[in-house]
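Chemist: Input file: my_file.cif. Contents: mmCIF, C-alpha atoms.
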```
data_input
#
loop_
_atom_site.label_atom_id
_atom_site.label_comp_id
_atom_site.auth_asym_id
_atom_site.auth_seq_id
_atom_site.Cartn_x
_atom_site.Cartn_y
_atom_site.Cartn_z
CA MET A 1 102.74 100.31 118.54
CA LYS A 2 100.29 100.01 115.66
CA ILE A 3 98.64 97.13 113.85
CA LYS A 4 99.14 97.32 110.09
CA ASP A 5 96.19 98.43 108.00
CA GLY A 6 94.31 95.74 106.14
CA PHE A 7 93.44 93.28 108.89
CA MET A 8 89.92 92.70 110.18
CA LEU A 9 89.16 91.22 113.59
CA ARG A 10 85.85 89.38 113.74
CA GLU A 11 84.14 87.03 116.13
CA ILE A 12 82.59 84.01 114.42
CA VAL A 13 80.30 82.14 116.81
CA ASP A 14 82.77 81.71 119.72
CA THR A 15 86.04 82.17 117.84
CA TRP A 16 87.99 85.37 117.18
CA VAL A 17 89.46 85.51 113.70
CA VAL A 18 91.89 87.93 112.04
CA VAL A 19 91.19 88.15 108.30
CA PRO A 20 93.58 89.83 105.86
CA LEU A 21 92.17 92.23 103.27
CA GLY A 22 93.48 93.53 99.94
CA LYS A 23 97.24 93.25 99.46
CA ARG A 24 97.59 91.67 102.92
CA VAL A 25 95.96 88.51 101.53
CA VAL A 26 99.09 87.63 99.57
CA GLU A 27 101.49 88.72 102.34
CA PHE A 28 99.70 86.94 105.15
CA ASN A 29 98.33 83.98 103.21
CA GLY A 30 95.82 82.57 105.66
CA ILE A 31 93.62 83.40 108.59
CA MET A 32 94.55 83.52 112.26
CA THR A 33 92.43 82.77 115.31
CA LEU A 34 92.87 84.60 118.61
CA SER A 35 91.95 83.72 122.20
CA GLU A 36 89.55 86.00 124.13
CA THR A 37 92.57 87.73 125.69
CA GLY A 38 94.24 88.05 122.31
CA ALA A 39 91.14 89.72 120.88
CA LEU A 40 90.99 92.09 123.86
CA LEU A 41 94.63 93.05 123.36
CA TRP A 42 94.18 93.40 119.58
CA ARG A 43 91.30 95.83 120.07
CA GLY A 44 93.37 97.76 122.64
CA ILE A 45 96.36 98.04 120.30
CA GLU A 46 94.02 99.14 117.50
CA LYS A 47 92.88 101.99 119.76
CA GLY A 48 96.50 102.99 120.42
CA ALA A 49 96.78 101.69 124.00
CA ASP A 50 100.29 101.45 125.52
CA ILE A 51 101.58 98.40 127.39
CA ASN A 52 100.41 99.65 130.80
CA SER A 53 96.87 100.24 129.54
CA LEU A 54 96.83 96.84 127.87
CA VAL A 55 97.92 95.13 131.10
CA ASP A 56 95.26 97.07 133.02
CA SER A 57 92.58 96.01 130.52
CA VAL A 58 93.55 92.34 130.91
CA MET A 59 93.48 92.62 134.72
CA ALA A 60 90.10 94.35 134.58
CA GLU A 61 88.64 91.58 132.43
CA TYR A 62 90.21 88.53 134.05
CA ASP A 63 90.97 87.70 137.64
CA ILE A 64 94.77 87.52 137.28
CA ASP A 65 97.74 89.26 138.92
CA LYS A 66 99.81 91.96 137.25
CA THR A 67 102.81 89.71 136.58
CA THR A 68 100.70 87.20 134.68
CA ALA A 69 98.82 89.95 132.80
CA LEU A 70 102.12 91.58 131.77
CA SER A 71 103.57 88.25 130.69
CA ASP A 72 100.43 87.44 128.59
CA THR A 73 100.48 90.91 127.03
CA LEU A 74 104.16 90.78 126.07
CA GLU A 75 103.74 87.27 124.72
CA PHE A 76 100.84 88.39 122.51
CA ILE A 77 102.72 91.44 121.23
CA SER A 78 105.74 89.30 120.45
CA ALA A 79 103.55 86.76 118.58
CA ILE A 80 101.82 89.30 116.32
CA LYS A 81 105.12 91.12 115.75
CA GLN A 82 106.69 87.84 114.65
CA LYS A 83 103.82 87.29 112.20
CA GLY A 84 104.47 90.72 110.70
CA LEU A 85 101.19 92.28 111.86
CA LEU A 86 102.72 95.28 113.63
CA GLU A 87 104.08 98.40 111.95
CA GLN A 88 107.87 98.57 112.35
CA MET B 89 77.81 98.76 69.73
CA LYS B 90 74.04 98.89 69.44
CA GLU B 91 72.62 100.60 66.41
CA LYS B 92 69.21 102.03 65.62
CA GLY B 93 66.62 99.40 64.90
CA GLU B 94 68.41 96.62 66.77
CA ILE B 95 66.27 94.44 68.96
CA THR B 96 66.79 93.79 72.63
CA ILE B 97 66.54 90.28 74.03
CA MET B 98 66.00 89.62 77.69
CA GLN B 99 66.88 86.24 79.19
CA ARG B 100 66.23 85.31 82.80
CA PHE B 101 67.91 82.73 84.98
CA ASN B 102 67.28 81.74 88.53
CA VAL B 103 70.35 80.65 90.46
CA ALA B 104 70.05 79.81 94.16
CA GLY B 105 66.78 81.72 94.28
CA LEU B 106 68.27 84.86 92.72
CA THR B 107 66.77 86.02 89.44
CA ILE B 108 69.41 87.21 87.00
CA GLU B 109 68.20 89.21 83.99
CA ILE B 110 70.56 89.34 81.01
CA VAL B 111 69.83 92.00 78.36
CA HIS B 112 71.54 91.81 74.97
CA ASN B 113 70.75 92.44 71.32
CA LYS B 114 70.53 88.75 70.48
CA SER B 115 69.59 85.52 72.18
CA LEU B 116 72.68 84.01 73.75
CA ALA B 117 73.68 80.34 73.75
CA LEU B 118 74.51 79.88 77.40
CA ASP B 119 74.88 76.09 77.64
CA LYS B 120 75.53 75.68 81.35
CA PHE B 121 72.81 78.23 82.14
CA ASN B 122 70.07 76.37 80.25
CA SER B 123 68.71 74.44 83.20
CA PHE B 124 68.56 77.72 85.14
CA LEU B 125 66.30 79.45 82.59
CA TYR B 126 63.50 81.22 84.38
CA PHE B 127 60.25 82.79 83.26
CA GLY B 128 59.02 84.44 86.46
CA GLY B 129 57.94 88.03 86.12
CA GLU B 130 59.03 89.57 89.42
CA ALA B 131 61.73 92.23 89.65
CA PRO B 132 65.16 90.64 89.09
CA ASP B 133 67.80 90.46 91.84
CA ILE B 134 70.56 91.18 89.33
CA THR B 135 70.30 93.00 85.99
CA VAL B 136 73.14 92.69 83.50
CA ASN B 137 73.32 94.64 80.24
CA VAL B 138 75.72 93.05 77.77
CA ASN B 139 77.23 95.06 74.90
CA GLY B 140 80.03 94.64 72.39
CA TYR B 141 82.52 97.45 71.70
CA LYS B 142 85.45 97.96 69.36
CA HIS B 143 87.54 99.29 72.21
CA ILE B 144 86.89 99.27 75.95
CA PRO B 145 88.39 102.27 77.74
CA SER B 146 90.34 101.61 80.96
CA PRO B 147 88.28 102.34 84.08
CA GLN B 148 89.38 105.17 86.37
CA GLY B 149 89.91 104.63 90.07
CA VAL B 150 92.01 102.71 92.56
CA MET B 151 93.32 99.31 91.49
CA VAL B 152 92.67 96.92 94.39
CA LEU B 153 93.48 93.70 92.54
CA ASP B 154 96.02 93.53 89.74
CA GLU B 155 96.33 89.93 88.66
CA LYS B 156 94.81 88.03 85.74
CA ILE B 157 91.54 89.56 86.87
CA LYS B 158 91.81 93.28 87.65
CA TRP B 159 89.53 95.18 90.00
CA VAL B 160 89.26 98.96 90.08
CA LYS B 161 87.16 100.77 92.66
CA ASN B 162 85.77 103.86 91.04
CA LEU B 163 86.48 107.13 92.77
CA ASN B 164 82.90 108.21 93.19
CA GLU B 165 80.61 108.40 96.16
CA LYS B 166 78.59 105.41 94.99
CA GLY B 167 81.50 103.02 95.36
CA ASN B 168 81.03 101.31 91.99
CA SER B 169 83.51 98.69 90.86
CA SER B 170 85.01 97.73 87.51
CA ILE B 171 86.40 94.24 87.12
CA TYR B 172 88.10 93.20 83.91
CA LEU B 173 90.24 90.79 81.97
CA CYS B 174 92.86 91.88 79.44
CA LYS B 175 93.82 90.28 76.15
CA GLU B 176 97.47 91.36 76.10
CA GLY B 177 98.55 94.71 77.58
CA PRO B 178 96.77 96.43 80.48
CA ASP B 179 94.91 98.75 78.08
CA ASP B 180 93.76 95.91 75.82
CA ILE B 181 90.60 95.00 77.73
CA ALA B 182 88.75 91.89 76.55
CA TYR B 183 85.86 91.85 79.04
CA LEU B 184 84.81 94.44 81.60
CA LEU B 185 82.14 94.32 84.31
CA ASN B 186 80.84 97.59 85.75
CA VAL B 187 78.72 97.13 88.84
CA ASN B 188 77.13 99.23 91.57
CA ASN B 189 77.98 98.81 95.24
CA GLU B 190 74.97 96.61 95.90
CA TRP B 191 76.03 94.27 93.10
CA ASN B 192 72.56 94.20 91.55
CA LYS B 193 72.95 96.52 88.53
CA ALA B 194 75.72 95.61 86.16
CA SER B 195 76.95 95.91 82.60
CA ILE B 196 79.40 93.63 80.89
CA MET B 197 81.34 94.94 77.89
CA TYR B 198 83.24 92.70 75.52
CA GLN B 199 85.68 93.51 72.73
CA GLU B 200 83.56 92.43 69.81
CA ALA B 201 86.33 91.68 67.29
CA ASP B 202 87.85 88.81 69.27
CA PHE B 203 85.46 87.96 72.07
CA ASN B 204 81.80 87.09 72.45
CA ALA B 205 78.72 87.86 74.50
CA ASP B 206 78.11 84.21 75.44
CA TRP B 207 81.37 83.97 77.33
CA ALA B 208 80.88 87.46 78.73
CA VAL B 209 77.81 86.12 80.49
CA THR B 210 78.98 82.62 81.45
CA GLY B 211 82.60 83.42 82.34
CA PRO B 212 84.28 84.53 85.56
CA LEU B 213 82.89 88.09 85.54
CA SER B 214 79.31 86.92 85.94
CA GLU B 215 80.44 84.47 88.60
CA ILE B 216 82.12 87.26 90.56
CA LEU B 217 78.97 89.35 90.19
CA PHE B 218 76.79 86.49 91.46
CA ARG B 219 78.96 85.54 94.40
CA ASN B 220 79.15 89.13 95.62
CA ARG B 221 75.42 89.70 95.16
CA ILE B 222 74.42 86.51 96.99
CA LEU B 223 76.18 87.91 100.07
CA PHE B 224 73.23 90.32 100.36
CA ASN B 225 70.87 87.32 100.31
CA LYS B 226 72.52 85.51 103.24
CA GLY B 227 74.59 83.34 100.94
CA LEU B 228 78.12 82.34 100.02
CA VAL B 229 79.76 80.44 97.18
CA LEU B 230 82.22 77.73 98.18
CA HIS B 231 84.83 75.58 96.49
CA ALA B 232 83.20 72.20 97.04
CA SER B 233 81.28 69.28 95.57
CA ALA B 234 77.68 68.94 96.65
CA VAL B 235 75.34 65.95 96.50
CA GLN B 236 71.86 65.19 97.74
CA PHE B 237 70.61 61.87 99.04
CA GLU B 238 67.30 61.06 100.74
CA GLY B 239 66.49 64.76 100.91
CA LYS B 240 69.74 65.70 102.64
CA GLY B 241 72.48 67.87 101.14
CA ILE B 242 76.14 67.13 101.78
CA LEU B 243 79.06 69.37 100.84
CA PHE B 244 82.54 67.92 100.37
CA SER B 245 85.24 70.55 100.54
CA ALA B 246 89.03 70.52 100.59
CA PRO B 247 92.00 72.01 98.74
CA SER B 248 92.16 71.03 95.06
CA GLU B 249 93.17 67.45 94.26
CA THR B 250 92.21 66.10 97.69
CA GLY B 251 89.24 64.05 96.47
CA LYS B 252 86.07 66.15 96.50
CA THR B 253 84.96 64.86 93.12
CA THR B 254 85.94 61.30 94.05
CA GLN B 255 83.77 61.35 97.17
CA ALA B 256 80.85 62.99 95.33
CA ASN B 257 81.12 60.40 92.52
CA LEU B 258 81.23 57.55 95.04
CA TRP B 259 78.05 58.86 96.64
CA CYS B 260 76.38 58.93 93.23
CA SER B 261 77.58 55.47 92.12
CA GLU B 262 77.39 53.60 95.44
CA MET B 263 74.37 55.22 97.07
CA GLY B 264 72.39 56.62 94.14
CA ALA B 265 72.86 60.21 95.31
CA THR B 266 72.49 63.01 92.76
CA LEU B 267 75.10 65.67 92.09
CA ILE B 268 74.10 69.26 92.82
CA ASN B 269 77.35 70.90 91.74
CA ASN B 270 80.92 69.67 91.45
CA ASP B 271 82.92 72.83 92.02
CA ARG B 272 81.08 76.03 92.99
CA PRO B 273 77.86 75.38 94.90
CA ALA B 274 76.15 78.23 96.73
CA VAL B 275 74.94 77.99 100.31
CA LYS B 276 72.14 80.21 101.50
CA VAL B 277 70.39 80.55 104.85
CA ILE B 278 66.62 80.74 104.79
CA GLY B 279 64.96 81.01 108.19
CA SER B 280 66.40 78.38 110.50
CA LYS B 281 68.05 76.23 107.79
CA ALA B 282 70.99 76.45 105.42
CA TYR B 283 70.48 75.14 101.89
CA VAL B 284 72.98 74.14 99.23
CA TYR B 285 72.25 75.09 95.61
CA GLY B 286 73.64 74.22 92.23
CA THR B 287 75.09 77.05 90.13
CA PRO B 288 76.03 77.28 86.43
CA TRP B 289 79.69 77.55 87.39
CA SER B 290 81.45 74.19 87.36
CA GLY B 291 83.49 72.16 84.88
CA SER B 292 80.88 70.69 82.53
CA ILE B 293 77.13 70.94 81.95
CA SER B 294 76.50 67.68 83.82
CA GLU B 295 78.10 69.22 86.91
CA CYS B 296 75.87 72.32 86.85
CA ASN B 297 72.50 71.15 88.06
CA ASN B 298 69.66 73.42 89.00
CA SER B 299 68.78 71.70 92.23
CA TYR B 300 69.05 72.28 95.94
CA ALA B 301 68.77 70.53 99.27
CA PRO B 302 68.89 71.35 102.97
CA LEU B 303 72.56 71.48 103.95
CA ASP B 304 72.79 68.74 106.56
CA ALA B 305 76.57 68.39 106.65
CA ILE B 306 79.75 70.05 105.49
CA VAL B 307 82.47 67.43 105.18
CA MET B 308 86.05 68.63 105.00
CA LEU B 309 88.32 66.03 103.43
CA GLU B 310 91.84 64.83 104.07
CA GLN B 311 93.47 61.87 102.39
CA ALA B 312 94.45 59.05 104.77
CA ASN B 313 95.22 55.34 104.85
CA GLU B 314 92.29 54.62 107.15
CA ASN B 315 88.79 56.11 107.16
CA SER B 316 87.78 58.17 110.19
CA ILE B 317 85.36 61.01 110.84
CA ILE B 318 85.08 63.59 113.62
CA LYS B 319 82.81 66.56 114.18
CA LEU B 320 84.80 69.81 114.27
CA ASN B 321 84.40 72.55 116.84
CA THR B 322 83.87 76.10 115.56
CA LYS B 323 87.54 77.05 115.58
CA GLU B 324 88.58 73.91 113.70
CA ALA B 325 85.69 74.34 111.27
CA ILE B 326 86.61 77.96 110.55
CA LEU B 327 90.26 77.14 109.91
CA LYS B 328 89.30 74.36 107.48
CA LEU B 329 86.27 75.90 105.78
CA MET B 330 87.00 79.62 105.57
CA PRO B 331 89.88 79.22 103.07
CA ARG B 332 87.49 77.26 100.81
CA CYS B 333 84.90 80.06 100.70
CA PHE B 334 85.03 82.64 97.92
CA LEU B 335 85.34 85.65 100.20
CA PRO B 336 85.48 89.31 99.12
CA TYR B 337 89.05 89.98 100.30
CA TYR B 338 89.12 93.27 98.39
CA ASP B 339 86.18 94.96 100.08
CA SER B 340 85.85 95.25 103.88
CA TYR B 341 82.15 96.13 103.65
CA LEU B 342 81.37 92.95 101.72
CA MET B 343 83.74 90.93 103.92
CA ASN B 344 81.75 91.84 107.02
CA ILE B 345 78.56 90.61 105.33
CA ALA B 346 80.30 87.43 104.14
CA ILE B 347 81.53 86.65 107.65
CA ASP B 348 78.03 87.20 109.05
CA ASN B 349 76.77 84.69 106.49
CA LEU B 350 79.53 82.19 107.25
CA GLU B 351 78.72 82.47 110.95
CA ASP B 352 75.06 81.84 110.22
CA ILE B 353 75.89 78.77 108.13
CA LEU B 354 78.22 77.37 110.83
CA GLN B 355 75.43 77.72 113.39
CA LYS B 356 73.03 75.77 111.20
CA SER B 357 75.11 73.05 109.56
CA PRO B 358 77.63 70.76 111.31
CA VAL B 359 81.15 70.53 109.93
CA TYR B 360 82.99 67.20 109.94
CA LEU B 361 86.53 66.20 109.11
CA LEU B 362 86.66 63.00 107.08
CA ARG B 363 90.08 61.44 106.79
CA CYS B 364 89.51 58.96 104.05
CA ARG B 365 90.43 56.57 101.34
CA PRO B 366 88.63 56.81 98.00
CA ASP B 367 86.40 53.83 98.74
CA ARG B 368 82.87 52.67 99.57
CA LYS B 369 83.68 52.40 103.28
CA ALA B 370 84.29 56.16 103.45
CA VAL B 371 80.82 56.71 101.99
CA GLN B 372 79.25 54.34 104.53
CA LEU B 373 81.07 56.04 107.39
CA VAL B 374 79.74 59.47 106.34
CA TYR B 375 76.24 58.05 105.83
CA LYS B 376 76.14 56.42 109.28
CA THR B 377 77.53 59.51 111.00
CA ILE B 378 75.36 62.15 109.37
CA TRP B 379 72.12 60.21 109.41
CA ARG B 380 72.75 59.29 113.06
CA ASP B 381 73.47 62.93 113.98
CA VAL B 382 70.56 64.45 112.06
CA GLU B 383 67.84 62.02 113.08
#
```
Could you take the file, read its structure, and then write that structure out as structure tokens?

Modeler:
Amino acid sequence: MKIKDGFMLREIVDTWVVVPLGKRVVEFNGIMTLSETGALLWRGIEKGADINSLVDSVMAEYDIDKTTALSDTLEFISAIKQKGLLEQ
Amino acid sequence: MKEKGEITIMQRFNVAGLTIEIVHNKSLALDKFNSFLYFGGEAPDITVNVNGYKHIPSPQGVMVLDEKIKWVKNLNEKGNSSIYLCKEGPDDIAYLLNVNNEWNKASIMYQEADFNADWAVTGPLSEILFRNRILFNKGLVLHASAVQFEGKGILFSAPSETGKTTQANLWCSEMGATLINNDRPAVKVIGSKAYVYGTPWSGSISECNNSYAPLDAIVMLEQANENSIIKLNTKEAILKLMPRCFLPYYDSYLMNIAIDNLEDILQKSPVYLLRCRPDRKAVQLVYKTIWRDVE
């Protein structure tokens, strides 16, 4: 699982934003905001974490059970995949 | 091409507090720049050498933007850029800007048979140079109309054809506000305040005023049947305002600086959403809201 090159994750005040760069500007056509959890997962995926590590990182950061953390993680992966941000 | 014995003319302009020095072999008629003429003697923030050539060779490097305007990043350690416009084919270059990675030392070449130095300086290449350089001075250029009234600066921004000019004109006619810029104002943070500045880049000379004001409100516009105004939270403000900023999408280093600047501006100036009709009541609603919030 790998995020495509050409996207920049930045925090602006209290909001996480994904900004396209270069040729991604035309493909993506816009900017996307992420929740705190989304930004945590994005950074994990950028570092090459697998699903188990991502779930662990969410559980370590937030006081939630494994089922909820897994569900949130899979939902996030599905969302960014749908938006074409993951390498096939 | 310069020949022996030719003179060199230096003209200086000050835009949003940045001194731009233009060097050419004749004095240029730069209409929209006239009110920005500057005679200060300190070191310039941007130096631009302008020269005419019979033929402009294609720059070498990686093409990062290949549209009407082309951008090549040179394959050297210094990270210089070449940005150019073609007349017909890709090798028929009309104007070319070469610039260093700090965007403060530049040269603009023009094909002297068909093109001219005046436009080389006032056209889009100099604008791109300015809006990338101002990033280093805690600034950004936005697509907006800006007015000042009673010492307060207000920016109206929205996608094209939404009514930026209409609202700015209403403020001038109904309230006696003065126009700072009608298309490409610059915003710069100095200390604890953001300021909005006129630039020489807008439709006509009357829209390019050399003035500035504290930026007390950024007003994003939407057309509506009834007038209403709300203050946006950061997320809403980013989603509305960021697409209206001229951001350096082709350079991640510059983009990081630009986002730092945007963040700084958002922390210093409130962003509102005005759903409005093109009428006096919209002006009064903005006036009441901003003057209430600021004072």

Chemist: Against chain B, which residues of chain A fall within 6 Å? For each one I want the closest pair of atoms and the distance in Å (one decimal), counting only C-alpha atoms, rows by chain and increasing residue number, as JSON lines.

Modeler:
```
{"residue": "A:Ile12", "atom": "CA", "partner": "B:Glu351", "partner_atom": "CA", "distance": 5.4}
{"residue": "A:Thr15", "atom": "CA", "partner": "B:Lys323", "partner_atom": "CA", "distance": 5.8}
{"residue": "A:Leu21", "atom": "CA", "partner": "B:Tyr337", "partner_atom": "CA", "distance": 4.9}
{"residue": "A:Gly22", "atom": "CA", "partner": "B:Tyr338", "partner_atom": "CA", "distance": 4.6}
```

Chemist: What does the distance from CA of Ile108 in chain B to CA of Ser290 in chain B come to in Å, to one decimal?

Modeler: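 So the answer is 17.7 Å.
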
Chemist: When distances are computed from all atoms listed in the file, which of B:Met197, B:Val275, B:Cys296, B:Ala234 shows the smallest separation from Gly140 in chain B?

Modeler: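 Selected residue with least distance to Gly140 in chain B: B:Met197.
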
Chemist: Enumerate, as a list in words, the residues matched when the PyMOL selection byres ((chain B and resi 233) around 10) is run on the file above.

Modeler: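 On the file shown, the PyMOL selection byres ((chain B and resi 233) around 10) covers Leu230, His231, Ala232, Ala234, Val235, Ile242, Leu243, Phe244, Ser245, Ala246, Gly251, Lys252, Thr253, Thr254, Gln255, Ala256, Asn257, Leu267, Ile268, Asn269, Asn270, Asp271, Arg272, Pro273, Gly286, Ser290, Glu295 and Val307 of chain B.
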
Chemist: Expressed in Å to a single decimal, how great is the separation between CA of Glu249 in chain B and CA of Met263 in chain B?

Modeler: 22.6 Å

Chemist: Evaluate the PyMOL selection byres ((chain A and resi 56) around 12) against this structure - the residues, as a list in words, please.

Modeler: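 This file gives the following for the PyMOL selection byres ((chain A and resi 56) around 12): Leu40, Leu41, Gly44, Ala49, Asp50, Ile51, Asn52, Ser53, Leu54, Val55, Ser57, Val58, Met59, Ala60, Glu61, Tyr62, Asp63, Ile64, Asp65, Lys66, Thr67, Thr68, Ala69, Leu70, Asp72 and Thr73 of chain A.
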
Chemist: List every protein, DNA or RNA residue that has an atom no more than 8 Å from (68.8, 81.7, 94.9) in the file's coordinate frame, counting all atoms listed in the file, and report them as a PyMOL selection string.

Modeler: chain B and resi 102-107+222+276+285

Chemist: At most 10 Å from (78.4, 78.9, 72.1), file frame, all atoms listed in the file: which residues, as a list in words?

Modeler: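 Here is the list of nearby residues: Leu116, Ala117, Leu118, Asp119, Asn204, Ala205, Asp206 and Trp207 of chain B.
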
Chemist: Would you export the selected residues with C-alpha atoms as a PDB file, in the frame of the given file, please?

Modeler:
```
ATOM      1  CA  LEU B 116      72.680  84.010  73.750  1.00  0.00           C
ATOM      2  CA  ALA B 117      73.680  80.340  73.750  1.00  0.00           C
ATOM      3  CA  LEU B 118      74.510  79.880  77.400  1.00  0.00           C
ATOM      4  CA  ASP B 119      74.880  76.090  77.640  1.00  0.00           C
ATOM      5  CA  ASN B 204      81.800  87.090  72.450  1.00  0.00           C
ATOM      6  CA  ALA B 205      78.720  87.860  74.500  1.00  0.00           C
ATOM      7  CA  ASP B 206      78.110  84.210  75.440  1.00  0.00           C
ATOM      8  CA  TRP B 207      81.370  83.970  77.330  1.00  0.00           C
TER       9      TRP B 207
END
```

Chemist: Report, in Å to a single decimal, how far apart CA of Lys23 in chain A and CA of Gly38 in chain A are.

Modeler: 23.6 Å

Chemist: Could you name the residues that touch range 80-84 of chain A at 12 Å or less, counting all atoms listed in the file, but leaving out those on the same chain fewer than 4 positions away, as a list in words?

Modeler: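 Returned residues: Met1, Lys2, Ile3, Lys4, Asp5, Phe7, Val18, Pro20, Arg24, Glu27, Phe28, Asn29, Gly30, Ile31, Met32, Thr33, Leu34, Gly38, Ala39, Leu41, Trp42, Ile45, Thr73, Leu74, Glu75, Phe76 and Gln88 of chain A.
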
Chemist: For this file, the PyMOL selection byres ((chain B and resi 240) around 6) selects which residues, as a ChimeraX atom specification?

Modeler: /B:236-239,241,301-302,304

Chemist: Compare B:Ala274, B:Ile293, B:Cys333, B:Leu362 by their minimum atom-to-atom distance to Gln311 in chain B, counting all atoms listed in the file, and give me the closest one.

Modeler: B:Leu362

Chemist: Go through B:Ile317, B:Ile353, B:Lys166, B:Ser294 one by one, measure the shortest atom-to-atom distance of each to Gly279 in chain B using all atoms listed in the file, and give the residue with the smallest value.

Modeler: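 Checking each of B:Ile317, B:Ile353, B:Lys166, B:Ser294 against Gly279 in chain B, counting all atoms listed in the file, the winner is B:Ile353.
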
Chemist: Please supply range 47-60 of chain A, rebuilt with N, CA and C atoms, as a PDB file, in the frame of the given file.

Modeler:
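Result saved to part_13.pdb:
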```pdb
ATOM      1  N   LYS A  47      93.277 100.669 119.240  1.00  0.00           N
ATOM      2  CA  LYS A  47      92.880 101.990 119.760  1.00  0.00           C
ATOM      3  C   LYS A  47      94.088 102.802 120.203  1.00  0.00           C
ATOM      4  N   GLY A  48      95.285 102.249 120.080  1.00  0.00           N
ATOM      5  CA  GLY A  48      96.500 102.990 120.420  1.00  0.00           C
ATOM      6  C   GLY A  48      96.923 102.861 121.870  1.00  0.00           C
ATOM      7  N   ALA A  49      96.423 101.856 122.579  1.00  0.00           N
ATOM      8  CA  ALA A  49      96.780 101.690 124.000  1.00  0.00           C
ATOM      9  C   ALA A  49      98.262 101.336 124.152  1.00  0.00           C
ATOM     10  N   ASP A  50      98.900 101.839 125.247  1.00  0.00           N
ATOM     11  CA  ASP A  50     100.290 101.450 125.520  1.00  0.00           C
ATOM     12  C   ASP A  50     100.280 100.179 126.388  1.00  0.00           C
ATOM     13  N   ILE A  51     101.490  99.687 126.687  1.00  0.00           N
ATOM     14  CA  ILE A  51     101.580  98.400 127.390  1.00  0.00           C
ATOM     15  C   ILE A  51     100.855  98.457 128.747  1.00  0.00           C
ATOM     16  N   ASN A  52     101.058  99.557 129.482  1.00  0.00           N
ATOM     17  CA  ASN A  52     100.410  99.650 130.800  1.00  0.00           C
ATOM     18  C   ASN A  52      98.894  99.564 130.688  1.00  0.00           C
ATOM     19  N   SER A  53      98.325 100.278 129.709  1.00  0.00           N
ATOM     20  CA  SER A  53      96.870 100.240 129.540  1.00  0.00           C
ATOM     21  C   SER A  53      96.406  98.844 129.136  1.00  0.00           C
ATOM     22  N   LEU A  54      97.208  98.192 128.302  1.00  0.00           N
ATOM     23  CA  LEU A  54      96.830  96.840 127.870  1.00  0.00           C
ATOM     24  C   LEU A  54      96.815  95.889 129.075  1.00  0.00           C
ATOM     25  N   VAL A  55      97.842  95.995 129.901  1.00  0.00           N
ATOM     26  CA  VAL A  55      97.920  95.130 131.100  1.00  0.00           C
ATOM     27  C   VAL A  55      96.722  95.420 132.009  1.00  0.00           C
ATOM     28  N   ASP A  56      96.407  96.697 132.183  1.00  0.00           N
ATOM     29  CA  ASP A  56      95.260  97.070 133.020  1.00  0.00           C
ATOM     30  C   ASP A  56      93.963  96.471 132.467  1.00  0.00           C
ATOM     31  N   SER A  57      93.825  96.521 131.126  1.00  0.00           N
ATOM     32  CA  SER A  57      92.580  96.010 130.520  1.00  0.00           C
ATOM     33  C   SER A  57      92.464  94.502 130.742  1.00  0.00           C
ATOM     34  N   VAL A  58      93.589  93.792 130.677  1.00  0.00           N
ATOM     35  CA  VAL A  58      93.550  92.340 130.910  1.00  0.00           C
ATOM     36  C   VAL A  58      93.184  92.053 132.362  1.00  0.00           C
ATOM     37  N   MET A  59      93.778  92.839 133.288  1.00  0.00           N
ATOM     38  CA  MET A  59      93.480  92.620 134.720  1.00  0.00           C
ATOM     39  C   MET A  59      92.028  92.954 135.043  1.00  0.00           C
ATOM     40  N   ALA A  60      91.486  93.954 134.332  1.00  0.00           N
ATOM     41  CA  ALA A  60      90.100  94.350 134.580  1.00  0.00           C
ATOM     42  C   ALA A  60      89.131  93.268 134.089  1.00  0.00           C
TER      43      ALA A  60
END
```
